[in-house]
$ cat start_12.txt   # compact mmCIF, C-alpha atoms and all ligand atoms
# COMPACT_ATOMS: atom_id res chain seq x y z
CA MET M 1109 111.02 74.32 122.40
CA ASP M 1110 112.29 74.35 118.85
CA PHE M 1111 113.53 77.74 117.57
CA SER M 1112 114.74 76.50 114.18
CA PHE M 1113 113.12 77.12 110.80
CA SER M 1114 112.54 74.27 108.34
CA GLU M 1115 115.00 73.82 105.45
CA GLU M 1116 112.25 75.03 103.08
CA ASP M 1117 111.79 78.23 105.08
CA ASP M 1118 115.56 78.83 105.16
CA LEU M 1119 115.61 78.47 101.37
CA LEU M 1120 112.57 80.74 101.01
CA ARG M 1121 114.34 83.35 103.14
CA GLU M 1122 117.49 83.18 101.03
CA VAL M 1123 115.67 83.45 97.69
CA LEU M 1124 113.38 86.28 98.82
CA ARG M 1125 116.13 88.30 100.47
CA LYS M 1126 118.05 88.30 97.20
CA TYR M 1127 114.90 89.27 95.28
CA ALA M 1128 114.03 92.01 97.79
CA LEU M 1129 117.46 93.62 97.77
CA GLU M 1130 118.03 93.35 94.02
CA GLN M 1131 114.52 93.82 92.60
CA LEU M 1132 112.55 95.82 95.19
CA LEU M 1133 114.90 98.05 97.17
CA PRO M 1134 116.19 100.11 94.21
CA ASP M 1135 112.64 101.28 93.35
CA TYR M 1136 111.30 101.42 96.91
CA ALA M 1137 110.89 105.18 97.18
CA SER M 1138 109.75 105.69 93.59
CA TRP M 1139 106.14 104.50 94.03
CA LYS M 1140 105.28 107.88 95.49
CA GLU M 1141 105.56 109.28 91.97
CA ARG M 1142 104.13 106.43 89.86
CA PRO M 1143 101.75 103.47 90.26
CA PHE M 1144 103.14 100.06 91.21
CA PRO M 1145 102.89 98.13 87.89
CA ARG M 1146 100.48 95.21 87.61
CA GLU M 1147 103.32 93.17 86.04
CA LYS M 1148 105.25 93.57 89.27
CA ILE M 1149 102.29 92.17 91.25
CA GLU M 1150 102.19 89.23 88.83
CA GLU M 1151 105.93 88.77 89.36
CA LEU M 1152 105.19 88.37 93.09
CA GLY M 1153 102.53 85.85 92.10
CA GLU M 1154 105.11 83.88 90.09
CA LEU M 1155 107.34 83.80 93.16
CA GLY M 1156 104.43 82.09 94.94
CA VAL M 1157 104.29 84.57 97.81
CA LEU M 1158 100.78 85.89 97.18
CA GLY M 1159 99.20 82.50 97.63
CA ILE M 1160 101.29 81.06 100.44
CA ARG M 1161 98.18 80.44 102.54
CA ILE M 1162 95.85 79.77 99.60
CA PRO M 1163 95.18 76.02 99.19
CA GLN M 1164 96.98 74.30 96.29
CA GLU M 1165 93.64 73.32 94.75
CA TYR M 1166 92.99 77.08 94.29
CA GLY M 1167 96.40 77.86 92.82
CA GLY M 1168 98.22 78.62 96.08
CA MET M 1169 101.02 76.96 98.03
CA SER M 1170 99.09 75.56 101.05
CA GLY M 1171 102.02 76.92 103.07
CA SER M 1172 102.32 77.52 106.79
CA PHE M 1173 101.83 80.75 108.72
CA VAL M 1174 105.53 80.63 109.61
CA SER M 1175 106.41 80.58 105.88
CA LEU M 1176 104.12 83.57 105.40
CA GLY M 1177 106.07 85.34 108.16
CA VAL M 1178 109.41 84.52 106.56
CA ALA M 1179 108.24 85.79 103.15
CA THR M 1180 106.81 88.96 104.67
CA GLU M 1181 109.92 89.71 106.71
CA GLU M 1182 112.26 89.23 103.75
CA LEU M 1183 110.27 91.12 101.12
CA SER M 1184 109.87 94.02 103.56
CA ARG M 1185 113.63 94.41 103.61
CA GLY M 1186 113.28 95.62 100.02
CA ASP M 1187 109.88 97.31 100.12
CA PHE M 1188 107.72 97.49 103.22
CA ASN M 1189 104.58 98.17 101.20
CA VAL M 1190 104.86 94.96 99.18
CA SER M 1191 103.94 93.18 102.41
CA TYR M 1192 100.38 94.49 101.99
CA PHE M 1193 99.90 92.13 99.03
CA LEU M 1194 100.83 89.17 101.25
CA GLN M 1195 98.58 90.35 104.06
CA LEU M 1196 95.55 90.88 101.84
CA GLY M 1197 96.15 87.62 99.94
CA THR M 1198 96.17 85.77 103.24
CA ILE M 1199 93.13 87.51 104.67
CA ALA M 1200 91.30 86.68 101.44
CA ALA M 1201 92.33 83.06 101.73
CA ALA M 1202 91.16 82.90 105.34
CA ILE M 1203 87.81 84.66 104.97
CA LEU M 1204 86.81 83.52 101.47
CA GLY M 1205 88.29 80.06 102.01
CA ASN M 1206 86.17 79.49 105.10
CA GLY M 1207 82.90 80.98 104.00
CA ALA M 1208 82.53 81.95 100.32
CA PRO M 1209 80.59 79.83 97.83
CA GLU M 1210 82.59 77.59 95.52
CA GLU M 1211 82.17 79.78 92.41
CA ILE M 1212 83.71 82.82 94.17
CA LYS M 1213 86.57 80.76 95.60
CA SER M 1214 87.38 79.04 92.31
CA GLU M 1215 87.28 82.29 90.33
CA TRP M 1216 89.05 84.63 92.76
CA LEU M 1217 91.55 82.69 94.88
CA PRO M 1218 93.67 81.51 91.88
CA ALA M 1219 93.57 85.07 90.50
CA VAL M 1220 94.79 86.48 93.85
CA ALA M 1221 97.53 83.84 94.08
CA SER M 1222 98.79 84.70 90.59
CA GLY M 1223 98.65 88.46 91.20
CA GLU M 1224 96.10 88.95 88.43
CA LYS M 1225 93.54 90.29 90.93
CA VAL M 1226 93.98 92.31 94.11
CA LEU M 1227 91.56 92.18 97.03
CA SER M 1228 90.89 94.74 99.74
CA PHE M 1229 89.43 94.55 103.24
CA GLY M 1230 86.68 97.03 104.09
CA LEU M 1231 86.00 97.36 107.80
CA THR M 1232 86.94 100.92 108.85
CA GLU M 1233 84.55 103.82 108.20
CA PRO M 1234 84.98 107.59 108.56
CA SER M 1235 83.39 107.50 112.03
CA VAL M 1236 84.55 104.09 113.30
CA GLY M 1237 87.96 102.42 113.35
CA SER M 1238 88.93 101.06 116.76
CA ASP M 1239 85.24 100.80 117.57
CA ALA M 1240 84.49 98.84 114.40
CA ALA M 1241 81.57 96.91 115.93
CA ASN M 1242 79.59 100.15 115.58
CA LEU M 1243 79.97 100.40 111.83
CA ALA M 1244 77.13 102.00 109.86
CA THR M 1245 77.38 100.58 106.33
CA MET M 1246 74.10 98.80 105.60
CA ALA M 1247 73.34 95.69 103.56
CA LEU M 1248 69.59 95.53 103.00
CA PRO M 1249 67.99 92.38 101.54
CA GLU M 1250 65.97 92.91 98.35
CA GLY M 1251 64.61 89.77 96.71
CA SER M 1252 67.54 87.43 96.20
CA ASP M 1253 70.06 90.30 96.47
CA PHE M 1254 71.54 92.68 99.03
CA LEU M 1255 71.88 96.44 98.48
CA ILE M 1256 75.02 97.83 100.15
CA THR M 1257 75.30 101.49 101.09
CA GLY M 1258 78.06 103.26 103.01
CA GLU M 1259 81.65 104.50 102.95
CA LYS M 1260 84.67 102.41 103.87
CA ALA M 1261 87.61 104.61 104.89
CA SER M 1262 91.39 104.16 104.93
CA ILE M 1263 91.25 101.05 102.75
CA THR M 1264 94.57 99.66 101.57
CA PHE M 1265 94.55 99.26 97.74
CA ALA M 1266 91.37 101.40 97.44
CA GLY M 1267 92.89 102.99 94.35
CA PHE M 1268 93.16 99.79 92.31
CA ALA M 1269 91.69 96.74 94.13
CA ASP M 1270 89.47 94.50 92.00
CA ALA M 1271 87.16 93.46 94.85
CA CYS M 1272 86.58 94.13 98.51
CA ILE M 1273 85.45 92.07 101.48
CA VAL M 1274 82.92 94.57 102.83
CA PHE M 1275 81.65 94.41 106.42
CA ALA M 1276 78.10 95.73 106.67
CA ARG M 1277 75.21 95.72 109.06
CA THR M 1278 72.52 93.13 108.34
CA GLY M 1279 71.06 92.97 111.85
CA GLY M 1280 70.82 94.92 115.09
CA PRO M 1281 73.50 97.05 116.78
CA GLY M 1282 76.94 95.78 117.79
CA ALA M 1283 79.20 93.01 116.55
CA ARG M 1284 76.49 90.37 116.09
CA GLY M 1285 74.64 92.52 113.55
CA ILE M 1286 77.57 92.50 111.09
CA SER M 1287 77.98 90.25 108.03
CA SER M 1288 80.67 90.24 105.34
CA PHE M 1289 80.13 90.44 101.58
CA PHE M 1290 82.30 89.80 98.58
CA VAL M 1291 81.93 92.87 96.37
CA PRO M 1292 83.62 93.18 92.94
CA LEU M 1293 84.58 96.85 92.60
CA ASP M 1294 83.45 97.23 88.98
CA LEU M 1295 79.78 97.02 90.00
CA PRO M 1296 77.49 100.03 89.42
CA GLY M 1297 77.35 102.31 92.48
CA VAL M 1298 80.99 101.84 93.54
CA SER M 1299 83.33 104.84 93.53
CA ARG M 1300 86.80 105.52 94.96
CA GLN M 1301 88.88 108.31 96.39
CA VAL M 1302 92.63 107.96 96.95
CA TYR M 1303 94.15 109.86 99.91
CA SER M 1304 97.38 111.74 100.08
CA SER M 1305 99.31 109.87 102.83
CA ALA M 1306 102.53 110.40 104.76
CA GLY M 1307 103.78 107.00 103.57
CA GLY M 1308 102.57 103.73 102.07
CA HIS M 1309 102.14 105.38 98.65
CA LEU M 1310 102.25 102.09 96.76
CA SER M 1311 99.09 100.91 98.53
CA ARG M 1312 96.95 103.84 97.26
CA ARG M 1313 94.96 103.92 100.51
CA GLY M 1314 91.61 105.64 100.29
CA SER M 1315 87.84 105.49 100.60
CA LEU M 1316 85.48 103.11 98.82
CA PHE M 1317 81.93 104.41 98.43
CA PHE M 1318 78.98 102.05 97.98
CA ASP M 1319 75.75 103.62 96.75
CA SER M 1320 73.02 100.93 96.72
CA VAL M 1321 75.48 98.42 95.27
CA ARG M 1322 73.59 95.27 94.36
CA VAL M 1323 75.18 91.89 95.07
CA PRO M 1324 73.52 88.47 94.99
CA ALA M 1325 72.71 87.03 98.43
CA THR M 1326 75.23 84.28 97.63
CA ASN M 1327 77.98 86.94 97.93
CA ARG M 1328 77.42 87.04 101.66
CA ILE M 1329 80.45 85.23 103.11
CA GLY M 1330 79.35 82.67 105.68
CA GLU M 1331 76.32 82.92 107.94
CA GLU M 1332 74.54 86.17 108.72
CA GLY M 1333 76.05 87.90 111.76
CA VAL M 1334 79.50 86.24 111.69
CA GLY M 1335 81.29 89.10 109.90
CA PHE M 1336 82.85 90.65 112.96
CA VAL M 1337 84.24 87.32 114.17
CA GLN M 1338 85.69 86.72 110.67
CA ALA M 1339 87.45 90.11 110.81
CA MET M 1340 88.83 89.54 114.31
CA THR M 1341 90.02 86.02 113.43
CA ALA M 1342 91.92 87.46 110.45
CA PHE M 1343 93.45 90.15 112.69
CA ASP M 1344 94.66 87.47 115.09
CA PHE M 1345 97.31 86.18 112.71
CA ASN M 1346 97.71 89.26 110.51
CA ARG M 1347 98.88 91.37 113.45
CA SER M 1348 101.99 89.20 113.72
CA VAL M 1349 102.51 89.36 109.96
CA ILE M 1350 102.42 93.15 110.28
CA ALA M 1351 104.97 92.97 113.11
CA LEU M 1352 107.31 90.99 110.84
CA ALA M 1353 106.84 93.44 107.95
CA CYS M 1354 107.96 96.25 110.27
CA ILE M 1355 110.81 94.20 111.73
CA GLY M 1356 112.07 93.15 108.25
CA THR M 1357 112.24 96.79 107.19
CA ALA M 1358 113.93 97.78 110.46
CA MET M 1359 116.45 94.90 110.28
CA GLN M 1360 117.50 96.02 106.79
CA ALA M 1361 118.01 99.54 108.17
CA MET M 1362 120.05 98.05 111.05
CA ASP M 1363 122.23 95.99 108.66
CA GLU M 1364 122.93 99.09 106.56
CA THR M 1365 123.72 101.06 109.73
CA ILE M 1366 126.13 98.42 111.06
CA LEU M 1367 128.07 98.61 107.78
CA TYR M 1368 128.00 102.40 107.76
CA THR M 1369 129.15 102.78 111.36
CA LYS M 1370 132.12 100.52 110.68
CA GLU M 1371 133.21 102.75 107.80
CA ARG M 1372 132.43 106.30 108.93
CA THR M 1373 135.00 107.77 111.30
CA THR M 1374 134.73 110.64 113.78
CA PHE M 1375 137.35 111.79 116.26
CA GLY M 1376 139.86 109.39 114.73
CA LYS M 1377 137.92 106.12 115.00
CA PRO M 1378 134.98 104.33 113.38
CA LEU M 1379 131.54 105.29 114.73
CA ALA M 1380 131.13 101.66 115.86
CA LYS M 1381 133.99 102.16 118.34
CA HIS M 1382 132.09 104.92 120.12
CA GLU M 1383 130.11 103.20 122.83
CA GLY M 1384 127.28 105.71 122.41
CA VAL M 1385 126.82 104.42 118.86
CA ALA M 1386 127.43 100.68 119.37
CA PHE M 1387 125.12 100.54 122.40
CA GLN M 1388 122.30 102.06 120.37
CA VAL M 1389 122.76 99.36 117.74
CA ALA M 1390 122.87 96.68 120.45
CA GLU M 1391 119.71 97.94 122.15
CA HIS M 1392 117.66 98.13 118.96
CA LEU M 1393 118.84 94.70 117.82
CA ALA M 1394 117.83 93.21 121.19
CA GLN M 1395 114.36 94.82 121.01
CA LEU M 1396 113.80 93.73 117.41
CA HIS M 1397 114.97 90.20 118.18
CA ALA M 1398 112.51 89.90 121.09
CA ALA M 1399 109.59 91.18 119.01
CA ARG M 1400 110.58 88.90 116.11
CA LEU M 1401 110.58 85.78 118.30
CA LEU M 1402 107.19 86.77 119.67
CA ALA M 1403 105.77 87.18 116.17
CA TYR M 1404 107.07 83.79 115.06
CA GLU M 1405 105.70 82.21 118.24
CA VAL M 1406 102.26 83.51 117.27
CA LEU M 1407 102.56 82.10 113.76
CA SER M 1408 103.66 78.71 115.16
CA LEU M 1409 100.63 78.76 117.46
CA ALA M 1410 98.43 79.59 114.46
CA ASP M 1411 99.96 76.67 112.54
CA ALA M 1412 99.25 74.40 115.49
CA GLY M 1413 95.64 75.63 115.63
CA LYS M 1414 96.19 77.09 119.12
CA LYS M 1415 94.79 80.35 120.48
CA HIS M 1416 97.09 83.35 119.95
CA THR M 1417 94.97 86.48 120.39
CA ALA M 1418 96.90 88.06 123.28
CA GLU M 1419 100.33 87.13 121.91
CA SER M 1420 99.47 88.55 118.49
CA ALA M 1421 98.32 91.83 120.04
CA MET M 1422 101.64 91.94 121.95
CA ALA M 1423 103.56 91.40 118.70
CA LYS M 1424 101.50 94.06 116.90
CA TRP M 1425 102.22 96.56 119.66
CA LEU M 1426 105.94 95.84 120.04
CA GLY M 1427 106.92 95.05 116.42
CA PRO M 1428 105.96 98.42 114.90
CA LYS M 1429 107.06 100.35 118.03
CA PHE M 1430 110.57 98.84 118.17
CA SER M 1431 110.87 99.12 114.38
CA VAL M 1432 109.99 102.82 114.36
CA GLU M 1433 112.51 103.42 117.16
CA ALA M 1434 115.22 101.43 115.36
CA ILE M 1435 114.70 103.12 111.99
CA HIS M 1436 114.69 106.54 113.65
CA ALA M 1437 118.05 105.71 115.28
CA CYS M 1438 119.45 104.41 111.97
CA MET M 1439 118.44 107.65 110.28
CA LEU M 1440 120.23 109.72 112.93
CA LEU M 1441 123.31 107.47 112.90
CA HIS M 1442 123.66 108.26 109.18
CA GLY M 1443 123.91 111.96 110.06
CA TRP M 1444 123.01 114.48 107.39
CA SER M 1445 122.91 111.84 104.66
CA GLY M 1446 120.30 109.75 106.51
CA TYR M 1447 117.88 112.67 106.37
CA GLY M 1448 118.08 112.83 102.55
CA THR M 1449 115.36 111.27 100.43
CA ASP M 1450 117.96 109.47 98.31
CA MET M 1451 118.43 107.28 101.40
CA PRO M 1452 115.42 105.08 102.32
CA PHE M 1453 115.19 105.93 106.05
CA SER M 1454 112.52 108.62 105.96
CA GLN M 1455 110.41 106.49 103.62
CA ARG M 1456 110.78 103.49 105.93
CA LEU M 1457 109.87 105.56 108.97
CA GLN M 1458 106.71 106.96 107.39
CA ASP M 1459 105.66 103.57 106.05
CA VAL M 1460 106.13 101.70 109.33
CA ILE M 1461 104.30 104.39 111.34
CA GLY M 1462 101.25 103.65 109.15
CA LEU M 1463 101.08 100.16 110.58
CA GLU M 1464 101.38 101.39 114.14
CA VAL M 1465 97.80 102.47 113.37
CA GLY M 1466 96.51 100.02 110.71
CA ASP M 1467 94.92 96.78 112.03
CA GLY M 1468 94.72 98.26 115.53
CA THR M 1469 96.53 101.02 117.41
CA PRO M 1470 98.87 100.44 120.40
CA GLU M 1471 96.06 101.35 122.81
CA ILE M 1472 93.70 98.84 121.23
CA MET M 1473 96.42 96.16 121.31
CA LYS M 1474 96.87 96.79 125.03
CA SER M 1475 93.12 96.58 125.59
CA VAL M 1476 93.06 93.23 123.72
CA ILE M 1477 95.89 91.92 125.93
CA ALA M 1478 94.15 93.20 129.08
CA ARG M 1479 90.83 91.68 128.01
CA GLU M 1480 92.49 88.29 127.46
CA VAL M 1481 94.15 88.50 130.88
CA TYR M 1482 91.30 89.91 132.97
CA GLY M 1483 88.38 88.38 131.07
CA ARG M 1484 85.67 89.98 128.92
CA GLU M 1485 83.70 91.15 131.96
CA PHE M 1486 86.51 93.67 132.63
CA ALA M 1487 86.58 95.05 129.05
CA ALA M 1488 86.10 98.84 128.96
CA TYR M 1489 83.32 98.54 126.37
CA LYS M 1490 81.21 96.15 128.49
C1 LIG H 1501 98.28 102.49 106.73
C2 LIG H 1501 96.89 102.10 107.10
C3 LIG H 1501 96.26 101.08 106.43
C4 LIG H 1501 94.95 100.71 106.77
N1 LIG H 1501 94.31 99.75 106.02
C5 LIG H 1501 93.03 99.41 106.32
C6 LIG H 1501 92.32 98.46 105.51
O1 LIG H 1501 92.84 97.93 104.53
N2 LIG H 1501 91.04 98.17 105.85
C7 LIG H 1501 90.41 98.74 106.93
O2 LIG H 1501 89.25 98.41 107.17
N3 LIG H 1501 91.06 99.67 107.69
C8 LIG H 1501 92.34 100.02 107.41
N4 LIG H 1501 93.00 100.97 108.16
C9 LIG H 1501 92.27 101.62 109.25
C10 LIG H 1501 92.76 101.22 110.63
O3 LIG H 1501 92.49 99.87 110.92
C11 LIG H 1501 92.17 102.21 111.64
O4 LIG H 1501 92.72 103.49 111.33
C12 LIG H 1501 92.50 101.84 113.07
O5 LIG H 1501 91.78 100.68 113.46
C13 LIG H 1501 92.20 102.99 114.06
O6 LIG H 1501 90.93 103.50 113.86
P1 LIG H 1501 90.72 105.09 113.68
O7 LIG H 1501 91.71 105.57 112.69
O8 LIG H 1501 89.30 105.33 113.42
O9 LIG H 1501 91.13 105.72 115.08
P2 LIG H 1501 90.20 105.93 116.36
O10 LIG H 1501 89.51 104.66 116.66
O11 LIG H 1501 89.37 107.13 116.15
O12 LIG H 1501 91.28 106.21 117.46
C14 LIG H 1501 91.98 107.47 117.53
C15 LIG H 1501 92.99 107.42 118.66
O13 LIG H 1501 92.33 107.17 119.90
C16 LIG H 1501 92.84 106.01 120.51
N5 LIG H 1501 91.75 105.26 121.12
C17 LIG H 1501 90.58 104.88 120.55
N6 LIG H 1501 89.83 104.19 121.41
C18 LIG H 1501 90.54 104.09 122.57
C19 LIG H 1501 90.33 103.47 123.82
N7 LIG H 1501 89.21 102.77 124.06
N8 LIG H 1501 91.28 103.60 124.77
C20 LIG H 1501 92.44 104.29 124.54
N9 LIG H 1501 92.70 104.88 123.34
C21 LIG H 1501 91.77 104.78 122.37
C22 LIG H 1501 93.46 105.19 119.39
O14 LIG H 1501 94.48 104.34 119.90
C23 LIG H 1501 94.00 106.29 118.49
O15 LIG H 1501 95.26 106.72 118.94
C24 LIG H 1501 94.29 101.36 107.84
C25 LIG H 1501 94.93 102.39 108.53
C26 LIG H 1501 96.21 102.77 108.16
C27 LIG H 1501 96.88 103.90 108.89
$ encode --input "start_12.txt" --output "structure tokens"
Amino acid sequence: MDFSFSEEDDLLREVLRKYALEQLLPDYASWKERPFPREKIEELGELGVLGIRIPQEYGGMSGSFVSLGVATEELSRGDFNVSYFLQLGTIAAAILGNGAPEEIKSEWLPAVASGEKVLSFGLTEPSVGSDAANLATMALPEGSDFLITGEKASITFAGFADACIVFARTGGPGARGISSFFVPLDLPGVSRQVYSSAGGHLSRRGSLFFDSVRVPATNRIGEEGVGFVQAMTAFDFNRSVIALACIGTAMQAMDETILYTKERTTFGKPLAKHEGVAFQVAEHLAQLHAARLLAYEVLSLADAGKKHTAESAMAKWLGPKFSVEAIHACMLLHGWSGYGTDMPFSQRLQDVIGLEVGDGTPEIMKSVIAREVYGREFAAYK
């Protein structure tokens, strides 16, 4: 087994860590009060990180999944929520790249890679999240068009996305009746509502409403009935990307805490010399390291074109869980100052908790692992 990163990925890590700590971290908590500027998204585009997985012919980098993981981990050290742009850019590349007609790909993928346009992913609805195969949004054929009606809930970037990959029912009940559609969000019949959230303010999560929104039939992505498989295939790699976003944020908190516990003294010695403190740091580092290796294993499997569904669900369960635990400990180890909002710990904690839920909860991750181990005939929903 080879545990080393390529020279290019080492360089990417170095450049992005510097950018994250100098350009993102100082403003991290401020996006609660003001919108994340479009110029800043375009700056990410200039760094090349939004199009890592977008083919070069469409303005991207044609990079590996491992490179995507490195970029996500490093940028999340500065601002966890910036990782959403990488996730959505990659999901767009995967779903549009594999199924959208040429005119959509050539117009939208370069715009996503440059940061000029932002895409969203519309699967969840008010009544279905974990049980997404039961979604109710309808896409009814009318002449050479489809009319889409329904509400998509808890959508990252709902407040400002330019388009959405909308999953809607075109056939009978269950997963096989679902197709995906590319829907520009300036079409008549689209409206938005932004939620007030515990964290993740930058992402302006909310609902997208579709009231008989008319799209040409050519905006259906891929064959009829393959939408659910497209969504699950995207989850397979994105769950490890999410794990690395959480771990990057937690590792930055750990690094800050290691420095702090060397400097702060109680009872005549540095905090780090109290075993009760140093052992906490050791335990969280060990947990984060294990989850990190797992996440990179998944991305290597994805690069090799090998199956990684169970491993990715494991990473998505453990990455956010260990990160939440680590950040919580870092906050406490900073004492009264860690609880203040001028320190980033509470923001990090609230942000990372969001992705304990998003893209699949711990229970759903465990049911994916169990299904892969026992076989589909033992799945609870069968
Ligand atoms: C920060 C954030 C960003 C998100 N971004 C997006 C996005 O961009 N696009 C999108 O489509 N969705 C998005 N989501 C939605 C997310 O994917 C769903 O919230 C998630 O899949 C869970 O669905 P739910 O909220 O409906 O919970 P439910 O499915 O109602 O589950 C509620 C609780 O019950 C548990 N539960 C459910 N079923 C079972 C079971 N069979 N066995 C044991 N326990 C069970 C769950 O684990 C959970 O704890 C986002 C959510 C968050 C928090």
$ atom_distance --input "start_12.txt" --atom1 "atom CA of Ala1423 of chain M" --atom2 "atom CA of Met1169 of chain M"
25.3 Å
$ residues_around --input "start_12.txt" --residues "segment 1374-1390 of chain M" --least-positions-apart "6" --cutoff "8 Å" --atoms "all atoms listed in the file" --output "list in words"
Met1362, Ile1366, Ala1437 and Leu1441 of chain M
$ residues_near_ligand --input "start_12.txt" --ligand "ligand LIG 1501 (chain H)" --cutoff "6 Å" --atoms "all atoms listed in the file" --output "CSV table (one decimal) with C-alpha atoms, keeping the file's coordinate frame"
chain,number,residue,atom,x,y,z
M,1229,PHE,CA,89.4,94.6,103.2
M,1230,GLY,CA,86.7,97.0,104.1
M,1231,LEU,CA,86.0,97.4,107.8
M,1232,THR,CA,86.9,100.9,108.8
M,1236,VAL,CA,84.6,104.1,113.3
M,1237,GLY,CA,88.0,102.4,113.4
M,1238,SER,CA,88.9,101.1,116.8
M,1239,ASP,CA,85.2,100.8,117.6
M,1262,SER,CA,91.4,104.2,104.9
M,1263,ILE,CA,91.2,101.0,102.8
M,1264,THR,CA,94.6,99.7,101.6
M,1462,GLY,CA,101.2,103.6,109.2
M,1463,LEU,CA,101.1,100.2,110.6
M,1465,VAL,CA,97.8,102.5,113.4
M,1466,GLY,CA,96.5,100.0,110.7
M,1467,ASP,CA,94.9,96.8,112.0
M,1468,GLY,CA,94.7,98.3,115.5
M,1469,THR,CA,96.5,101.0,117.4
M,1470,PRO,CA,98.9,100.4,120.4
M,1471,GLU,CA,96.1,101.4,122.8
M,1472,ILE,CA,93.7,98.8,121.2
$ closest_residue --input "start_12.txt" --among "M:Ser1287, M:Gln1338, M:Gln1131, M:Thr1198" --to "Gly1171 of chain M" --atoms "only C-alpha atoms"
M:Thr1198
$ atom_distance --input "start_12.txt" --atom1 "atom CA of Arg1322 of chain M" --atom2 "atom CA of Leu1255 of chain M"
4.6 Å
$ atom_distance --input "start_12.txt" --atom1 "atom CA of Arg1456 of chain M" --atom2 "atom CA of Leu1402 of chain M"
21.9 Å
